[in-house]
Amino acid sequence: MSSLQALQVLLVDDNQHMRAITSAVLQSAGVRKVREAADGAAGLEILREQSIDLAIVDFNMFPLDGVEFTRLVRNSPDTANPYLPIIMMTGHSEKSRVYEARDAGVTEFVVKPITAKAILDRIQAVIFKPRPFVKTDGYFGPDRRRTTASNYKGPLRRSTDQAGEAAGNGSSAA
């Protein structure tokens, strides 16, 4: 995986041991440039100072947690890179947390205890198969849809779409 050598990774976690473990996993995968920060505020500072290709952030940090870090990266007027791939790490995998991270604009999610395979799979996904970004009134970030419904037959997929516009696309109401 020498293709990861040029990658500039920002690792943000308030637990120094977790940073050491994650950094070791990244190094073993060939990542040579890892910048570390102990909280989201320090991470944002690093983003302003240098070009970063990928951020791996912890969910739970004080004073600025991973969700708020992600919102600021995605939506701040002075953000260095709103399209930055962000992988969220957490020891808590409840659906509410996954949804909160997703809705903040996280690109991928990995549950602690992390494994080298899990981290590398997420890095491969965000670098080599990036999802398109979406901007709506209440959201900016990677497309949150992971799958396309097998019965999807056209551009209209929401209940609020105009049924009259769907006429002629070959689909029938179910």
# chains A, B, ... in the order shown; residues from 1 in each chain; ligands from 1
>>> residues_around(residues="Gly91 in chain A", least_positions_apart="3", cutoff="8 Å", atoms="only C-alpha atoms", output="NGL selection string")
:A and (111-113)
>>> select_by_dssp(residues="range 31-149 of chain A", states="alpha helix (DSSP H)", output="MDAnalysis selection string")
chainID A and resid 40:49 66:75 95:104 116:128
>>> closest_residue(among="A:Pro82, A:Met88, A:Ile123, A:Ala118", to="Gln8 in chain A", atoms="only C-alpha atoms")
A:Ile123
>>> closest_residue(among="A:Pro85, A:Pro77, A:Glu100, A:His92", to="Phe128 in chain A", atoms="only C-alpha atoms")
A:Pro85
>>> residues_around(residues="range 59-67 of chain A", least_positions_apart="4", cutoff="12 Å", atoms="only C-alpha atoms", output="PyMOL selection string")
chain A and resi 11-16+37-44+55+71-74+86-93+97-107+109-112
>>> select_by_dssp(residues="chain A", states="strand (DSSP E or B)", output="ChimeraX atom specification")
/A:8-12,33-37,54-58,86-90,108-111,133-135,140-142
